[in-house]
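**Q** The following block contains the structure, expressed as structure tokens.
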Amino acid sequence: MTTHDVRDTRGRPLRDLRISLTDRCNFRCVYCMPRDEFGPDHAFLPSDRLLTFDEIERVTRIAMQLGVRKVRLTGGEPLLRSGVESLIATLKGLDGLEVAMTTNGALLAARAEGLARAGLDRVTVSLDSTDPEVFRRMSDTRVPVGRVLDGIDAAADTGLGPVKVNVVVRAGVNESSVLALAERFRHSSVTVRFIEYMDVGSTNGWDGEQVVRADQITATIAAAHPLEVLPPRYEGEVARRYQYVDGGGEIGVIGSVTTPFCGDCTRARLSADGQVYSCLFATAGTDLRTLMRSGADDDVVTETLRRLWTRRDDRYSELRSGPGEAPAGKRVEMSFIGG
Ligand SMILES: Nc1nc2c(ncn2[C@@H]2O[C@H](COP(=O)(O)OP(=O)(O)OP(=O)(O)O)[C@@H](O)[C@H]2O)c(=O)[nH]1
Ligand SMILES: C[S@@+](CC[C@H](N)C(=O)[O-])C[C@H]1O[C@@H](n2cnc3c(N)ncnc32)[C@H](O)[C@@H]1O
Ligand code: SF4
Ligand code: SF4
């Protein structure tokens with residue numbers, strides 16, 4: 001496939017496409033889909049507005065011509081979208097594409113083998129505590145934490161790795177779980193990554209007081225198990241990597257609030273209904289679904305995506321952390337845009 005790399009106004013190439021397969025989820029994490037906003041009356045996308053697998057494959061193929069090398073299937077909860085294994089197999093047919101997934105892990109133990117057989121390269125599982133009560137409070141689900149832990153084990157056993165575990169840390173809710181999580185996965189093949197709680201979307205009632213800073217997180221872990229910094233594995237890596245001095249493995253810390261990484265951001269997001277967003281904090285997307293369903297050929301879709309990227313100037317997290325004002329407007333929810 002011939003690629004014609006595009007660069008945005010800040011010289012950043014397009015390398016990653018995060019694809020939301022559904023806006024639905026079987027959890028109601030308080031920082032992402034609070035139940036009072038995402039209750040029984042919430043209007044989720046009707047199925048005819050979801051991109052079909054053929055349409056997802058088409059957008060991915062076109063995005064690859066502009067530089068994309070990796071897709072991450074996400075949501076909402078990607079394992080709720082039926083037949084995801086067949087989509088993975090199709091995407092893995094695209095030359096040289098890496099296919100990863102982020103999941104809450106509730107359905108993973110039963111699906112890991114099929115996902116690996118379909119060709120999924122890697123999986124990241126979100127898990128905010130190993131303490132059953134704290135886990136329930138963060139995720140607002142009846143799924144027991146043991147089922148997520150079984151999912152992580154199954155993924156590691158099936159070779160869907162290196163498996164990563166993502167932990168959103170919220171002051172006063174699960175910060176006391178940080179050390180236990182780190183210790184649960186020390187001396188294993190699983191890398192835990194702690195994420196600063198972000199002001200994404202507009203329903204989670206974010207306030208800066210709820211952020212536990214990346215340096216506080218590493219200090220907590222290093223006090224029990226000394227750490228040393230590791231170099232980034234690739235340009236634009238969102239996590240700062242550390243290894244245990246005693247050889248216990250590695251952890252990551254994602255300081256999206258205190259140490260923004262917009263300068264190297266190569267990510268575009270495709271929502272389940274086919275809108276492309278050039279930033280996690282975007283207020284509007286570009287509608288590829290309507291374009292494709294109106295009969296546009298590949299050249300038109302390619303040009304639309306190219307124009308979106310070449311005009312891109314996003315750096316929300318940098319602006320929020322700097323002296324100026326971050327862009328205003330009603331931001332798209334993370335469960336919709338694809339986390
Ligand atoms: N502000 C901001 N946060 C991001 C962005 N991408 C990821 N994050 C945050 O980082 C977390 C981890 O993202 P992942 O997709 O697991 O990380 P990744 O580093 O892209 O994945 P790898 O392919 O494993 O390196 C997300 O859940 C977000 O909270 C981004 O573009 N902007
Ligand atoms: C939106 S979820 C979608 C995939 C899947 N449902 C899961 O939880 O892994 C993707 C990631 O976004 C993270 N996330 C959601 N809201 C966040 C917030 N406000 N700040 C930081 N990370 C957040 C979650 O912890 C999760 O790791
Ligand atoms: S973080 Fe993932 S599991 Fe939790 S509510 Fe959001 S989409 Fe669902
Ligand atoms: S805030 Fe926007 S530009 Fe900055 S890293 Fe996140 S997605 Fe990229």
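Starting from 1 in every chain, residues are counted up; chains themselves are A, B, ... following the order of the structure tokens, and ligands are numbered from 1 as listed.
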Around ligand 2, which protein and nucleic acid residues have at least one atom no more than 8 Å from it, if we count only C-alpha atoms and all ligand atoms? List them as a VMD selection string.
**A** chain A and resid 20 25 27 29 31 to 33 74 to 78 101 to 105 124 to 128 166 to 168 195 to 201 204 206 334 to 336 338 to 339
**Q** List the neighbours of A:Ala282 out to 10 Å using only C-alpha atoms; skip same-chain residues closer than 6 positions along the sequence, and give me the result as a PDB file with N, CA and C atoms, in the first residue's frame.
**A**
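Saved result, around10.pdb, follows:
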ATOM      1  N   VAL A 200     -12.206  15.051  30.919  1.00  0.00           N
ATOM      2  CA  VAL A 200     -12.765  14.741  29.609  1.00  0.00           C
ATOM      3  C   VAL A 200     -14.299  14.678  29.693  1.00  0.00           C
ATOM      4  N   GLY A 201     -14.983  15.022  28.609  1.00  0.00           N
ATOM      5  CA  GLY A 201     -16.444  15.038  28.622  1.00  0.00           C
ATOM      6  C   GLY A 201     -16.955  16.169  29.495  1.00  0.00           C
ATOM      7  N   ARG A 269      -9.488   9.904  16.453  1.00  0.00           N
ATOM      8  CA  ARG A 269     -10.516   9.038  17.045  1.00  0.00           C
ATOM      9  C   ARG A 269     -11.714   8.937  16.121  1.00  0.00           C
ATOM     10  N   VAL A 276     -15.059  11.548  12.885  1.00  0.00           N
ATOM     11  CA  VAL A 276     -13.628  11.552  13.218  1.00  0.00           C
ATOM     12  C   VAL A 276     -13.322  12.800  14.033  1.00  0.00           C
ATOM     13  N   ASP A 314      -4.925  21.029  17.467  1.00  0.00           N
ATOM     14  CA  ASP A 314      -5.327  20.712  18.846  1.00  0.00           C
ATOM     15  C   ASP A 314      -4.141  20.549  19.793  1.00  0.00           C
ATOM     16  N   TYR A 316      -5.216  20.577  23.575  1.00  0.00           N
ATOM     17  CA  TYR A 316      -6.076  20.938  24.700  1.00  0.00           C
ATOM     18  C   TYR A 316      -5.349  20.829  26.051  1.00  0.00           C
ATOM     19  N   PRO A 327      -9.693  25.651  25.432  1.00  0.00           N
ATOM     20  CA  PRO A 327     -10.870  25.911  24.611  1.00  0.00           C
ATOM     21  C   PRO A 327     -12.158  25.546  25.344  1.00  0.00           C
ATOM     22  N   ALA A 328     -13.200  26.388  25.174  1.00  0.00           N
ATOM     23  CA  ALA A 328     -14.477  26.116  25.841  1.00  0.00           C
ATOM     24  C   ALA A 328     -15.373  25.297  24.906  1.00  0.00           C
ATOM     25  N   GLY A 329     -16.588  24.993  25.358  1.00  0.00           N
ATOM     26  CA  GLY A 329     -17.551  24.260  24.523  1.00  0.00           C
ATOM     27  C   GLY A 329     -17.876  22.926  25.144  1.00  0.00           C
ATOM     28  N   LYS A 330     -19.018  22.348  24.762  1.00  0.00           N
ATOM     29  CA  LYS A 330     -19.445  21.071  25.336  1.00  0.00           C
ATOM     30  C   LYS A 330     -18.641  19.942  24.690  1.00  0.00           C
ATOM     31  N   ARG A 331     -17.814  19.298  25.505  1.00  0.00           N
ATOM     32  CA  ARG A 331     -16.929  18.288  24.954  1.00  0.00           C
ATOM     33  C   ARG A 331     -17.645  16.951  24.819  1.00  0.00           C
ATOM     34  N   VAL A 332     -17.162  16.159  23.866  1.00  0.00           N
ATOM     35  CA  VAL A 332     -17.752  14.853  23.634  1.00  0.00           C
ATOM     36  C   VAL A 332     -17.345  13.915  24.780  1.00  0.00           C
ATOM     37  N   GLU A 333     -18.267  13.027  25.175  1.00  0.00           N
ATOM     38  CA  GLU A 333     -17.969  12.106  26.276  1.00  0.00           C
ATOM     39  C   GLU A 333     -16.933  11.060  25.844  1.00  0.00           C
ATOM     40  N   ILE A 337     -16.493   8.988  22.266  1.00  0.00           N
ATOM     41  CA  ILE A 337     -15.397   9.310  21.337  1.00  0.00           C
ATOM     42  C   ILE A 337     -14.364   8.179  21.286  1.00  0.00           C
TER      43      ILE A 337
END
**Q** With DSSP run on the backbone, what are the strand (DSSP E) residues within stretch 88-261 of chain A? I'd like them as number ranges by chain.
**A** A: 98-103, 122-126, 164-169, 191-196, 227-229, 240-244, 250-254
**Q** May I have the residues from that selection written out with C-alpha atoms, as a short mmCIF file (atom, residue, chain, number, x, y, z; two decimals), in the first residue's frame?
**A**
data_model
loop_
_atom_site.label_atom_id
_atom_site.label_comp_id
_atom_site.auth_asym_id
_atom_site.auth_seq_id
_atom_site.Cartn_x
_atom_site.Cartn_y
_atom_site.Cartn_z
CA GLU A 98 -1.14 -3.39 14.69
CA VAL A 99 -4.51 -4.04 16.34
CA ALA A 100 -4.91 -3.45 20.09
CA MET A 101 -7.95 -3.26 22.36
CA THR A 102 -8.88 -1.49 25.59
CA THR A 103 -11.54 -3.30 27.63
CA ARG A 122 -2.42 -6.70 22.48
CA VAL A 123 -4.95 -5.95 25.13
CA THR A 124 -5.14 -3.25 27.82
CA VAL A 125 -7.51 -3.88 30.71
CA SER A 126 -8.89 -1.09 32.87
CA LYS A 164 -1.28 -3.56 30.30
CA VAL A 165 -3.58 -2.60 33.16
CA ASN A 166 -4.88 0.99 33.18
CA VAL A 167 -5.77 2.54 36.53
CA VAL A 168 -7.49 5.92 36.79
CA VAL A 169 -6.52 7.38 40.16
CA THR A 191 2.51 -3.63 33.20
CA VAL A 192 0.32 -1.42 35.38
CA ARG A 193 -0.15 2.18 34.24
CA PHE A 194 -1.59 4.81 36.53
CA ILE A 195 -3.55 7.62 34.86
CA GLU A 196 -4.26 11.10 36.18
CA LEU A 227 12.02 2.89 40.98
CA GLU A 228 14.22 4.20 38.19
CA VAL A 229 13.16 5.99 35.02
CA ARG A 240 6.36 7.66 31.52
CA ARG A 241 7.98 4.30 32.20
CA TYR A 242 9.76 3.23 35.40
CA GLN A 243 11.32 -0.06 36.45
CA TYR A 244 11.71 -1.52 39.91
CA GLU A 250 7.94 -2.03 35.10
CA ILE A 251 5.12 0.44 35.67
CA GLY A 252 3.86 3.46 33.74
CA VAL A 253 2.38 6.77 34.78
CA ILE A 254 0.23 8.83 32.44
#
**Q** Have a look at A:Ser321, A:Thr2, A:Asn26, A:Thr220 and name the one nearest to A:Ser176; count only C-alpha atoms.
**A**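 Residue with the minimum atom-to-atom distance to A:Ser176: A:Thr220.
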**Q** Can you measure atom CA of A:Thr52 to atom CA of A:Cys279 for me? One decimal in Å is fine.
**A**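 Spanning atom CA of A:Thr52 to atom CA of A:Cys279 is a straight-line distance of 23.0 Å.
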**Q** Given a cut-off of 6 Å, what residues near ligand 1 show up using only C-alpha atoms and all ligand atoms, put as number ranges by chain?
**A** A: 237-239, 254, 256, 267, 280, 317, 339
